[in-house]
>>> print(open('query25.pdb').read())   # PDB, C-alpha atoms, pLDDT in the B column
ATOM      1  CA  LYS A   1      -8.816   1.385 -25.143  1.00 66.00           C
ATOM      2  CA  GLY A   2      -7.279  -1.179 -27.419  1.00 73.00           C
ATOM      3  CA  ASP A   3      -7.321  -4.641 -25.924  1.00 77.00           C
ATOM      4  CA  ASN A   4      -7.320  -3.464 -22.305  1.00 77.00           C
ATOM      5  CA  LEU A   5      -9.914  -5.397 -20.356  1.00 87.00           C
ATOM      6  CA  MET A   6     -10.989  -3.100 -17.543  1.00 89.00           C
ATOM      7  CA  GLN A   7     -13.215  -3.730 -14.570  1.00 91.00           C
ATOM      8  CA  LEU A   8     -14.508  -0.612 -12.807  1.00 92.00           C
ATOM      9  CA  VAL A   9     -15.090  -1.160  -9.103  1.00 91.00           C
ATOM     10  CA  THR A  10     -16.737   1.200  -6.658  1.00 88.00           C
ATOM     11  CA  SER A  11     -16.992   1.014  -2.929  1.00 87.00           C
ATOM     12  CA  GLY A  12     -18.524   3.031  -0.151  1.00 84.00           C
ATOM     13  CA  PRO A  13     -20.088   2.989   3.276  1.00 83.00           C
ATOM     14  CA  VAL A  14     -23.541   1.960   2.059  1.00 81.00           C
ATOM     15  CA  GLY A  15     -22.874  -1.455   0.536  1.00 74.00           C
ATOM     16  CA  HIS A  16     -22.826  -4.768   2.343  1.00 76.00           C
ATOM     17  CA  PHE A  17     -19.532  -5.807   0.730  1.00 78.00           C
ATOM     18  CA  LYS A  18     -16.433  -3.642   0.483  1.00 87.00           C
ATOM     19  CA  ASP A  19     -15.768  -4.469  -3.167  1.00 91.00           C
ATOM     20  CA  ILE A  20     -12.457  -2.624  -3.634  1.00 92.00           C
ATOM     21  CA  HIS A  21     -11.025  -4.135  -0.475  1.00 92.00           C
ATOM     22  CA  LEU A  22     -12.160  -7.625  -1.477  1.00 94.00           C
ATOM     23  CA  GLY A  23     -10.806  -7.207  -5.012  1.00 94.00           C
ATOM     24  CA  ILE A  24      -7.401  -6.139  -3.748  1.00 95.00           C
ATOM     25  CA  LEU A  25      -7.282  -8.980  -1.226  1.00 96.00           C
ATOM     26  CA  GLN A  26      -8.141 -11.470  -3.985  1.00 96.00           C
ATOM     27  CA  ALA A  27      -5.476 -10.030  -6.300  1.00 96.00           C
ATOM     28  CA  ILE A  28      -2.777 -10.240  -3.631  1.00 97.00           C
ATOM     29  CA  SER A  29      -3.858 -13.771  -2.699  1.00 96.00           C
ATOM     30  CA  ASN A  30      -3.552 -14.838  -6.351  1.00 96.00           C
ATOM     31  CA  ALA A  31      -0.166 -13.167  -6.929  1.00 97.00           C
ATOM     32  CA  LYS A  32       2.600 -15.521  -7.953  1.00 96.00           C
ATOM     33  CA  GLU A  33       5.521 -13.207  -8.819  1.00 96.00           C
ATOM     34  CA  CYS A  34       5.137  -9.653  -7.567  1.00 97.00           C
ATOM     35  CA  VAL A  35       2.937  -7.078  -5.892  1.00 97.00           C
ATOM     36  CA  TYR A  36       4.057  -3.454  -6.208  1.00 98.00           C
ATOM     37  CA  ILE A  37       2.107  -0.874  -4.217  1.00 97.00           C
ATOM     38  CA  GLN A  38       2.318   2.909  -4.246  1.00 96.00           C
ATOM     39  CA  THR A  39       0.109   4.688  -1.754  1.00 94.00           C
ATOM     40  CA  PRO A  40       0.244   7.954   0.150  1.00 92.00           C
ATOM     41  CA  TYR A  41      -1.462   6.383   3.173  1.00 89.00           C
ATOM     42  CA  PHE A  42      -0.823   2.847   4.410  1.00 90.00           C
ATOM     43  CA  VAL A  43      -3.076   2.066   7.363  1.00 87.00           C
ATOM     44  CA  PRO A  44      -4.046  -1.492   6.423  1.00 89.00           C
ATOM     45  CA  THR A  45      -6.915  -3.599   7.600  1.00 89.00           C
ATOM     46  CA  ASP A  46      -5.952  -6.796   9.401  1.00 89.00           C
ATOM     47  CA  ALA A  47      -6.930  -8.766   6.289  1.00 93.00           C
ATOM     48  CA  LEU A  48      -4.734  -6.636   3.998  1.00 94.00           C
ATOM     49  CA  LEU A  49      -1.779  -6.874   6.350  1.00 92.00           C
ATOM     50  CA  LEU A  50      -2.164 -10.640   6.583  1.00 94.00           C
ATOM     51  CA  SER A  51      -2.511 -10.999   2.781  1.00 95.00           C
ATOM     52  CA  LEU A  52       0.718  -9.065   2.220  1.00 95.00           C
ATOM     53  CA  GLN A  53       2.568 -11.069   4.861  1.00 94.00           C
ATOM     54  CA  MET A  54       1.355 -14.398   3.466  1.00 95.00           C
ATOM     55  CA  ALA A  55       2.252 -13.446  -0.107  1.00 96.00           C
ATOM     56  CA  ALA A  56       5.727 -12.318   0.946  1.00 95.00           C
ATOM     57  CA  MET A  57       6.285 -15.500   2.960  1.00 93.00           C
ATOM     58  CA  ARG A  58       5.378 -17.662  -0.026  1.00 94.00           C
ATOM     59  CA  GLY A  59       8.055 -15.899  -2.100  1.00 95.00           C
ATOM     60  CA  VAL A  60       6.120 -13.167  -3.898  1.00 97.00           C
ATOM     61  CA  ASP A  61       8.201 -10.010  -4.378  1.00 97.00           C
ATOM     62  CA  ILE A  62       6.215  -7.445  -2.377  1.00 97.00           C
ATOM     63  CA  ARG A  63       7.287  -3.806  -2.668  1.00 97.00           C
ATOM     64  CA  LEU A  64       5.522  -1.018  -0.818  1.00 96.00           C
ATOM     65  CA  MET A  65       6.268   2.623  -1.618  1.00 96.00           C
ATOM     66  CA  ILE A  66       5.057   5.371   0.711  1.00 94.00           C
ATOM     67  CA  PRO A  67       6.106   9.002   1.097  1.00 93.00           C
ATOM     68  CA  ARG A  68       8.874   9.812   3.581  1.00 87.00           C
ATOM     69  CA  HIS A  69       6.919  12.951   4.495  1.00 82.00           C
ATOM     70  CA  SER A  70       3.141  12.985   4.437  1.00 76.00           C
ATOM     71  CA  ASP A  71       0.658  15.808   4.232  1.00 72.00           C
ATOM     72  CA  THR A  72      -1.145  14.405   7.288  1.00 72.00           C
ATOM     73  CA  THR A  73       0.927  13.998  10.453  1.00 67.00           C
ATOM     74  CA  PHE A  74      -1.414  11.636  12.299  1.00 70.00           C
ATOM     75  CA  VAL A  75      -1.817   9.307   9.328  1.00 69.00           C
ATOM     76  CA  GLN A  76       1.948   9.326   8.740  1.00 71.00           C
ATOM     77  CA  ILE A  77       2.550   8.240  12.327  1.00 67.00           C
ATOM     78  CA  ALA A  78      -0.139   5.545  12.026  1.00 71.00           C
ATOM     79  CA  THR A  79       1.446   4.320   8.779  1.00 73.00           C
ATOM     80  CA  MET A  80       4.767   3.895  10.561  1.00 77.00           C
ATOM     81  CA  ALA A  81       3.056   1.752  13.212  1.00 77.00           C
ATOM     82  CA  PHE A  82       2.420  -0.983  10.624  1.00 78.00           C
ATOM     83  CA  LEU A  83       5.824  -1.142   8.959  1.00 86.00           C
ATOM     84  CA  LYS A  84       7.534  -3.522  11.392  1.00 85.00           C
ATOM     85  CA  GLU A  85       5.055  -6.259  10.537  1.00 85.00           C
ATOM     86  CA  VAL A  86       5.631  -5.972   6.801  1.00 89.00           C
ATOM     87  CA  LEU A  87       9.402  -5.633   7.202  1.00 90.00           C
ATOM     88  CA  ASP A  88       9.477  -8.810   9.303  1.00 88.00           C
ATOM     89  CA  ALA A  89       7.658 -10.623   6.474  1.00 91.00           C
ATOM     90  CA  LYS A  90      10.396  -9.493   4.032  1.00 91.00           C
ATOM     91  CA  VAL A  91       8.296  -6.856   2.285  1.00 94.00           C
ATOM     92  CA  SER A  92      10.562  -4.234   0.703  1.00 95.00           C
ATOM     93  CA  VAL A  93       9.481  -0.803   1.929  1.00 95.00           C
ATOM     94  CA  TYR A  94      10.563   2.223  -0.101  1.00 96.00           C
ATOM     95  CA  MET A  95      10.376   5.714   1.336  1.00 91.00           C
ATOM     96  CA  PHE A  96       9.717   8.177  -1.502  1.00 94.00           C
ATOM     97  CA  GLU A  97      12.010  11.160  -0.911  1.00 92.00           C
ATOM     98  CA  LYS A  98      11.119  13.508  -3.766  1.00 90.00           C
ATOM     99  CA  GLY A  99       8.124  15.324  -2.295  1.00 82.00           C
ATOM    100  CA  PHE A 100       4.746  13.848  -1.469  1.00 83.00           C
ATOM    101  CA  LEU A 101       3.862  10.597  -3.237  1.00 82.00           C
ATOM    102  CA  HIS A 102       0.176  10.727  -4.105  1.00 83.00           C
ATOM    103  CA  SER A 103       0.105   7.786  -6.519  1.00 90.00           C
ATOM    104  CA  LYS A 104      -2.405   5.026  -5.843  1.00 94.00           C
ATOM    105  CA  LEU A 105      -1.116   2.118  -7.868  1.00 95.00           C
ATOM    106  CA  LEU A 106      -0.928  -1.657  -7.529  1.00 96.00           C
ATOM    107  CA  VAL A 107       0.752  -3.951 -10.018  1.00 97.00           C
ATOM    108  CA  ILE A 108       0.122  -7.661  -9.620  1.00 96.00           C
ATOM    109  CA  ASP A 109       2.435  -9.992 -11.544  1.00 94.00           C
ATOM    110  CA  ASN A 110       2.351  -9.016 -15.215  1.00 90.00           C
ATOM    111  CA  THR A 111      -1.392  -9.276 -15.544  1.00 93.00           C
ATOM    112  CA  LEU A 112      -3.227  -6.771 -13.348  1.00 96.00           C
ATOM    113  CA  THR A 113      -2.876  -3.052 -12.684  1.00 97.00           C
ATOM    114  CA  ILE A 114      -5.141  -1.402 -10.123  1.00 96.00           C
ATOM    115  CA  THR A 115      -5.404   2.367  -9.966  1.00 95.00           C
ATOM    116  CA  GLY A 116      -7.961   4.906  -8.844  1.00 94.00           C
ATOM    117  CA  SER A 117      -8.893   6.931  -5.809  1.00 93.00           C
ATOM    118  CA  ALA A 118      -8.517   4.399  -2.976  1.00 91.00           C
ATOM    119  CA  ASN A 119      -5.611   4.520  -0.575  1.00 88.00           C
ATOM    120  CA  MET A 120      -4.406   1.433   1.254  1.00 86.00           C
ATOM    121  CA  ASP A 121      -6.261   2.357   4.398  1.00 84.00           C
ATOM    122  CA  ILE A 122      -9.363   1.510   6.353  1.00 80.00           C
ATOM    123  CA  ARG A 123     -10.993   4.831   5.533  1.00 80.00           C
ATOM    124  CA  SER A 124     -10.829   4.214   1.776  1.00 85.00           C
ATOM    125  CA  PHE A 125     -12.009   0.626   2.089  1.00 86.00           C
ATOM    126  CA  GLU A 126     -14.879   1.142   4.519  1.00 83.00           C
ATOM    127  CA  HIS A 127     -15.880   4.797   4.922  1.00 80.00           C
ATOM    128  CA  ASN A 128     -15.263   6.753   1.712  1.00 84.00           C
ATOM    129  CA  PHE A 129     -16.878   6.488  -1.687  1.00 91.00           C
ATOM    130  CA  GLU A 130     -13.996   5.285  -3.891  1.00 91.00           C
ATOM    131  CA  PHE A 131     -13.432   4.181  -7.468  1.00 92.00           C
ATOM    132  CA  GLU A 132     -10.794   1.802  -8.837  1.00 94.00           C
ATOM    133  CA  ALA A 133      -9.966   0.504 -12.278  1.00 95.00           C
ATOM    134  CA  PHE A 134      -8.771  -3.112 -12.409  1.00 96.00           C
ATOM    135  CA  ILE A 135      -6.940  -3.313 -15.747  1.00 95.00           C
ATOM    136  CA  TYR A 136      -6.050  -6.750 -17.118  1.00 95.00           C
ATOM    137  CA  ASN A 137      -3.344  -6.106 -19.706  1.00 93.00           C
ATOM    138  CA  GLU A 138       0.367  -6.968 -19.864  1.00 93.00           C
ATOM    139  CA  ASP A 139       1.384  -3.723 -21.604  1.00 92.00           C
ATOM    140  CA  THR A 140      -0.400  -1.652 -18.972  1.00 93.00           C
ATOM    141  CA  CYS A 141       1.373  -3.662 -16.249  1.00 94.00           C
ATOM    142  CA  SER A 142       4.697  -3.102 -17.946  1.00 95.00           C
ATOM    143  CA  ASN A 143       4.085   0.651 -18.134  1.00 95.00           C
ATOM    144  CA  ALA A 144       2.974   0.765 -14.493  1.00 96.00           C
ATOM    145  CA  LYS A 145       6.082  -1.152 -13.430  1.00 96.00           C
ATOM    146  CA  GLN A 146       8.251   1.369 -15.268  1.00 96.00           C
ATOM    147  CA  ILE A 147       6.585   4.162 -13.295  1.00 95.00           C
ATOM    148  CA  PHE A 148       7.278   2.253 -10.081  1.00 96.00           C
ATOM    149  CA  TYR A 149      10.930   1.630 -11.039  1.00 97.00           C
ATOM    150  CA  ARG A 150      11.414   5.321 -11.895  1.00 96.00           C
ATOM    151  CA  ASP A 151      10.000   6.317  -8.523  1.00 96.00           C
ATOM    152  CA  MET A 152      12.301   3.792  -6.816  1.00 95.00           C
ATOM    153  CA  GLN A 153      15.204   5.950  -8.011  1.00 95.00           C
ATOM    154  CA  ASP A 154      13.806   8.777  -5.872  1.00 95.00           C
ATOM    155  CA  SER A 155      13.271   6.488  -2.881  1.00 95.00           C
ATOM    156  CA  THR A 156      15.265   4.947  -0.065  1.00 92.00           C
ATOM    157  CA  LEU A 157      14.873   1.305   0.892  1.00 95.00           C
ATOM    158  CA  LEU A 158      13.921   1.114   4.567  1.00 89.00           C
ATOM    159  CA  THR A 159      16.127  -1.324   6.469  1.00 84.00           C
ATOM    160  CA  ASN A 160      15.334  -3.225   9.651  1.00 75.00           C
ATOM    161  CA  GLU A 161      18.345  -1.547  11.261  1.00 81.00           C
ATOM    162  CA  GLU A 162      17.043   1.944  10.447  1.00 78.00           C
ATOM    163  CA  TRP A 163      13.604   0.917  11.656  1.00 74.00           C
ATOM    164  CA  ASP A 164      14.876  -0.530  14.933  1.00 75.00           C
ATOM    165  CA  ASN A 165      16.912   2.622  15.680  1.00 76.00           C
ATOM    166  CA  ARG A 166      13.884   4.916  15.952  1.00 72.00           C
ATOM    167  CA  GLY A 167      13.648   6.837  19.186  1.00 69.00           C
ATOM    168  CA  ARG A 168      11.456   5.729  22.082  1.00 77.00           C
ATOM    169  CA  PHE A 169       9.180   8.728  21.767  1.00 67.00           C
ATOM    170  CA  GLN A 170       8.617   7.972  18.066  1.00 66.00           C
ATOM    171  CA  LYS A 171       7.744   4.366  18.912  1.00 64.00           C
ATOM    172  CA  PHE A 172       5.359   5.575  21.620  1.00 64.00           C
ATOM    173  CA  LYS A 173       3.590   7.955  19.195  1.00 61.00           C
ATOM    174  CA  GLU A 174       3.216   5.155  16.654  1.00 62.00           C
ATOM    175  CA  SER A 175       1.720   2.822  19.262  1.00 63.00           C
ATOM    176  CA  VAL A 176      -0.821   5.435  20.317  1.00 59.00           C
ATOM    177  CA  MET A 177      -1.773   6.277  16.714  1.00 62.00           C
ATOM    178  CA  ARG A 178      -2.198   2.595  15.880  1.00 61.00           C
ATOM    179  CA  LEU A 179      -4.962   2.464  18.465  1.00 59.00           C
ATOM    180  CA  PHE A 180      -6.780   5.162  16.520  1.00 57.00           C
ATOM    181  CA  SER A 181      -6.040   3.722  13.050  1.00 61.00           C
ATOM    182  CA  PRO A 182      -9.624   2.534  12.428  1.00 60.00           C
ATOM    183  CA  LEU A 183     -10.701   6.172  12.650  1.00 54.00           C
ATOM    184  CA  LEU A 184      -8.063   7.616  10.323  1.00 56.00           C
TER     185      LEU A 184
END
>>> encode(input="query25.pdb", output="structure tokens")
Amino acid sequence: KGDNLMQLVTSGPVGHFKDIHLGILQAISNAKECVYIQTPYFVPTDALLLSLQMAAMRGVDIRLMIPRHSDTTFVQIATMAFLKEVLDAKVSVYMFEKGFLHSKLLVIDNTLTITGSANMDIRSFEHNFEFEAFIYNEDTCSNAKQIFYRDMQDSTLLTNEEWDNRGRFQKFKESVMRLFSPLL
């Protein structure tokens, strides 16, 4: 619509390349200013985790928004198992408090918005048939950022102190679920 340049990308278990995963990795690797991510499930591949860490360490403003309470207990616990690594890389993690966050949105700099059916998890990248729209338009990015900022008002910024003060049993559950993360 209008002057929106849009690239439609599909992915699934039958192709040789995982196109959505590769596209997202490329976008994060090219980011110069910011990467904003909203996802209900964050169980990243090693490559995605490393891309986010590297971008954050080179000064890109990385913000990850996930729901405080998920609709899937096991995936929620697995998600928590990955947060220490992004927090240590200075990624800002926002816990959405106002219900279940089901948005699947990435905003890269002021040039690329990615939205569709894929979560930020191994299952979406490698096992499920998914569909994403890569939209190259500054106005679309601006609108997507406004959505993100509005949702930040209903979120709490996760601190390292809060993270470190989790109970031992919670940490144990997260460690066990991380072992099973490729299956989730």
>>> closest_residue(input="query25.pdb", among="A:Asn30, A:Ser70, A:Ser103, A:Asn165", to="A:Asp151", atoms="only C-alpha atoms")
A:Ser103
>>> closest_residue(input="query25.pdb", among="A:Ile66, A:Ala47, A:Leu157, A:Cys141", to="A:Ile108", atoms="all atoms listed in the file")
A:Cys141
>>> closest_residue(input="query25.pdb", among="A:Asp3, A:Asp154, A:Glu161, A:Asp88", to="A:Leu49", atoms="only C-alpha atoms")
A:Asp88
>>> resolve_selection(input="query25.pdb", expression="the PyMOL selection byres ((chain A and resi 43) around 6)", output="list in words")
Phe42, Pro44, Thr79 and Asp121 of chain A
>>> atom_distance(input="query25.pdb", atom1="atom CA of A:Tyr149", atom2="atom CA of A:Val35")
12.9 Å
>>> residues_around(input="query25.pdb", residues="A:Leu101", least_positions_apart="3", cutoff="8 Å", atoms="all atoms listed in the file", output="PyMOL selection string")
chain A and resi 38-40+66-67+96+98
>>> resolve_selection(input="query25.pdb", expression="the PyMOL selection byres ((chain A and resi 110) around 7)", output="mmCIF file with C-alpha atoms, in the coordinates of the input")
data_model
loop_
_atom_site.group_PDB
_atom_site.id
_atom_site.type_symbol
_atom_site.label_atom_id
_atom_site.label_comp_id
_atom_site.auth_asym_id
_atom_site.auth_seq_id
_atom_site.Cartn_x
_atom_site.Cartn_y
_atom_site.Cartn_z
ATOM 1 C CA ILE A 108 0.122 -7.661 -9.620
ATOM 2 C CA ASP A 109 2.435 -9.992 -11.544
ATOM 3 C CA THR A 111 -1.392 -9.276 -15.544
ATOM 4 C CA LEU A 112 -3.227 -6.771 -13.348
ATOM 5 C CA GLU A 138 0.367 -6.968 -19.864
ATOM 6 C CA CYS A 141 1.373 -3.662 -16.249
ATOM 7 C CA SER A 142 4.697 -3.102 -17.946
#
>>> atom_distance(input="query25.pdb", atom1="atom CA of A:Pro13", atom2="atom CA of A:Asn119")
15.1 Å
>>> resolve_selection(input="query25.pdb", expression="the PyMOL selection byres ((chain A and resi 19) around 10)", output="NGL selection string")
:A and (9-12 or 15-18 or 20-25 or 125-126 or 130-132)
>>> residues_around(input="query25.pdb", residues="A:Val86", least_positions_apart="4", cutoff="7 Å", atoms="only C-alpha atoms", output="PyMOL selection string")
chain A and resi 53+90-91
>>> closest_residue(input="query25.pdb", among="A:Phe148, A:Tyr41, A:Phe82, A:Tyr136", to="A:Met6", atoms="all atoms listed in the file")
A:Tyr136
>>> atom_distance(input="query25.pdb", atom1="atom CA of A:Gln146", atom2="atom CA of A:Leu64")
14.9 Å
>>> closest_residue(input="query25.pdb", among="A:Leu8, A:Ala56, A:Ala31, A:Ala81", to="A:Thr115", atoms="only C-alpha atoms")
A:Leu8
>>> axis_aligned_box(input="query25.pdb", around="stretch 122-133 of chain A", padding_each_side="3 Å", output="JSON")
{"center_x": -13.1, "center_y": 3.6, "center_z": -3.0, "size_x": 13.5, "size_y": 12.2, "size_z": 24.6}
>>> residues_around(input="query25.pdb", residues="A:Ile135", least_positions_apart="4", cutoff="8 Å", atoms="all atoms listed in the file", output="list in words")
Asn4, Leu5, Met6, Gln7, Leu112, Thr113, Ile114 and Thr140 of chain A
>>> closest_residue(input="query25.pdb", among="A:Glu162, A:Gly116, A:Thr45, A:Met54", to="A:Val93", atoms="all atoms listed in the file")
A:Glu162
